[in-house]
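Visitor: Questions regarding the structure given below will be posed in turn.
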Amino acid sequence: MTEFLHNLFATLFDDNVILATILISMLPIIELRGGIPFGMATHIWGTKALSYAESLLFAFLGSSSIVFLLAIIIKPLIDWLKKTKLCKKLAIWFEQKILGKTQKIQEDSKNQTSLKKSKWKKLLGVFIFVAIPLPLTGVWTGTCIAVFLGLSYLETCGSVILGNLCAGLITTLISLIFKDNTIYVLYIFLGITLALILAGAIKIVVRNIKQKKQQDTSDQETTQI
């Protein structure tokens, strides 16, 4: 597996570990959390592997750069996708997932006595969400949450990028524990992420089956009447 990854990325990026780390960190799901152990993994890059500081820097730059564009296009993009036949259901599902994640932050901010405190509560909520380096809580999701919370462009970028920096520092410290075996940090992260995605997919399938059965039962009762 490790040899396959080494040959794959060496071919794709011509052993340019800096470029590879930046581009990998820009991808959703992987982001900075996967980019840091990826860049410093000696099992993949050998002697060309980045140091902890270098990997943190380039993974942070790659993952943070996407925030500036995403904060502008995500809302219009979802609104447009909801108008298309092909992507309508997916866009609605994604929007509902994001709104579900914003609910707790919204409720906490509503408890504040002033608009200023409410705004800071939202900013803090977005920062904490991104800062905890767990799968599916990175800059992509964090930016979407900030936009749907009604934060301004600068507020969105600021809270998400600061949270991303904090997540990067924590991920780097975790990678330091593994030292020369940081590849396993990447494997663990990807494994947990895939498990969460699979669990979510199964949940959706089971829910759809139940809804179909309920609809069929309702149709049968209507026909009998």
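Going by the structure tokens order, chains are called A, B, ..., each with residues numbered from 1, while ligands are numbered from 1 in the order shown.
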Please run DSSP on the backbone and report, as a PyMOL selection string, all residues within chain A that come out as alpha helix (DSSP H).
Guide: chain A and resi 2-13+17-26+31-39+42-45+52-81+88-110+115-131+139-148+153-178+183-224
Visitor: Please provide the set of residues having any atom within 10 Å of Pro133 in chain A, restricted to only C-alpha atoms, with same-chain residues fewer than 3 positions apart removed, written as a list in words.
Guide: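 Here the qualifying residues turn out to be Leu32, Arg33, Gly34, Ile128, Phe129, Val130, Leu136, Thr137, Gly138, Gly163, Asn164, Cys166, Ala167, Gly168, Leu169, Ile170, Thr171 and Phe189 of chain A.
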Visitor: Of the candidates A:Ile188, A:Ile209, A:Ala195, A:Ala131, which one gets nearest to Pro37 in chain A if we count only C-alpha atoms?
Guide: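 Closest residue, counting only C-alpha atoms: A:Ile188.
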Visitor: For range 72-75 of chain A, please output as number ranges by chain all residues within 10 Å (counting only C-alpha atoms; exclusion window: fewer than 3 positions along the same chain).
Guide: A: 67-69, 78-81, 95, 140, 143-144, 147-148, 153
Visitor: If you keep C-alpha atoms, can you produce a file of those selected residues as a compact mmCIF listing (two decimals), in the first residue's frame?
Guide:
# COMPACT_ATOMS: atom_id res chain seq x y z
CA VAL A 67 -12.05 29.54 1.85
CA PHE A 68 -11.86 32.84 -0.04
CA LEU A 69 -13.56 31.41 -3.13
CA ILE A 78 -26.57 25.67 -4.00
CA ASP A 79 -29.45 27.93 -5.06
CA TRP A 80 -28.64 27.22 -8.71
CA LEU A 81 -28.28 23.45 -8.17
CA GLU A 95 -28.41 22.46 2.46
CA TRP A 140 -15.26 23.31 3.53
CA THR A 143 -17.24 27.94 5.51
CA CYS A 144 -20.68 26.67 4.51
CA VAL A 147 -22.25 31.57 5.23
CA PHE A 148 -25.59 30.07 6.27
CA TYR A 153 -17.30 37.61 3.93
Visitor: Could you please determine the separation between CA of Lys116 in chain A and CA of Ala71 in chain A in Å, to one decimal place?
Guide: 21.7 Å
Visitor: Write out as JSON, numbers by chain the residues lying within 7 Å of range 51-53 of chain A, counting only C-alpha atoms and excluding same-chain residues fewer than 3 positions away.
Guide: {"A": [40, 56, 57, 172]}
Visitor: Would you save the residues of that selection, restricted to N, CA and C atoms, as a PDB file, in the first residue's frame?
Guide:
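Done, and the output landed in out03.pdb:
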ATOM      1  N   MET A  40       4.569  15.101   5.555  1.00  0.00           N
ATOM      2  CA  MET A  40       5.726  14.700   6.344  1.00  0.00           C
ATOM      3  C   MET A  40       5.939  13.185   6.377  1.00  0.00           C
ATOM      4  N   LEU A  56       3.007  21.810   8.052  1.00  0.00           N
ATOM      5  CA  LEU A  56       1.952  22.647   8.615  1.00  0.00           C
ATOM      6  C   LEU A  56       1.730  23.884   7.752  1.00  0.00           C
ATOM      7  N   LEU A  57       2.811  24.536   7.348  1.00  0.00           N
ATOM      8  CA  LEU A  57       2.722  25.767   6.563  1.00  0.00           C
ATOM      9  C   LEU A  57       2.017  25.533   5.227  1.00  0.00           C
ATOM     10  N   THR A 172      -0.475  18.717  13.932  1.00  0.00           N
ATOM     11  CA  THR A 172       0.987  18.624  13.918  1.00  0.00           C
ATOM     12  C   THR A 172       1.504  18.012  15.211  1.00  0.00           C
TER      13      THR A 172
END
Visitor: Within 10 Å of Leu61 in chain A, counting only C-alpha atoms, which residues show up once you throw out same-chain ones fewer than 4 positions away? Write them as number ranges by chain, please.
Guide: A: 21-23, 25-26, 32, 55-57, 65-66, 161, 164-165
Visitor: Can you list, as a PDB file with C-alpha atoms, in the first residue's frame, every protein, DNA or RNA residue that comes within 7 Å of Ala49 in chain A when you count only C-alpha atoms, leaving out same-chain residues fewer than 4 positions away?
Guide:
ATOM      1  CA  VAL A  17       6.160  17.277  -2.145  1.00  0.00           C
ATOM      2  CA  GLY A  39       3.472  15.974   3.577  1.00  0.00           C
ATOM      3  CA  MET A  40       5.726  14.700   6.344  1.00  0.00           C
ATOM      4  CA  ALA A  41       5.229  10.980   5.623  1.00  0.00           C
ATOM      5  CA  THR A  42       8.693   9.520   4.999  1.00  0.00           C
ATOM      6  CA  TRP A  45       8.367  10.831   0.208  1.00  0.00           C
TER       7      TRP A  45
END
Visitor: Work out how far CA of Ala91 in chain A is from CA of Leu77 in chain A, in Å to one decimal.
Guide: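 Computing the Euclidean distance for CA of Leu77 in chain A and CA of Ala91 in chain A yields 9.0 Å.
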Visitor: Can you measure CA of Lys179 in chain A to CA of Ile18 in chain A for me? One decimal in Å is fine.
Guide: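 Value for the CA of Lys179 in chain A-CA of Ile18 in chain A distance: 19.1 Å.
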Visitor: Do a neighbour search on range 121-123 of chain A at 8 Å with only C-alpha atoms, toss out local chain neighbours closer than 4 positions, and write the hits as a list of chain:residue names.
Guide: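 Within the cut-off, the hits are A:Ile105, A:Gln106, A:Asp108, A:Ser109, A:Lys117, A:Phe127, A:Ala146, A:Leu149, A:Leu151, A:Glu155, A:Thr156, A:Ser159.
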Visitor: Emit the selected residues as a PDB file, in the first residue's frame, including C-alpha atoms.
Guide:
ATOM      1  CA  ILE A 105     -24.841  27.814  17.049  1.00  0.00           C
ATOM      2  CA  GLN A 106     -28.003  29.744  16.128  1.00  0.00           C
ATOM      3  CA  ASP A 108     -26.707  29.735  21.488  1.00  0.00           C
ATOM      4  CA  SER A 109     -26.406  33.103  19.759  1.00  0.00           C
ATOM      5  CA  LYS A 117     -22.671  39.308  21.599  1.00  0.00           C
ATOM      6  CA  PHE A 127     -14.014  28.800  15.025  1.00  0.00           C
ATOM      7  CA  ALA A 146     -20.522  30.490   8.455  1.00  0.00           C
ATOM      8  CA  LEU A 149     -25.253  31.744   9.670  1.00  0.00           C
ATOM      9  CA  LEU A 151     -21.699  36.066   8.662  1.00  0.00           C
ATOM     10  CA  GLU A 155     -16.062  37.308   9.283  1.00  0.00           C
ATOM     11  CA  THR A 156     -16.437  33.978   7.500  1.00  0.00           C
ATOM     12  CA  SER A 159     -13.203  32.645  11.809  1.00  0.00           C
TER      13      SER A 159
END
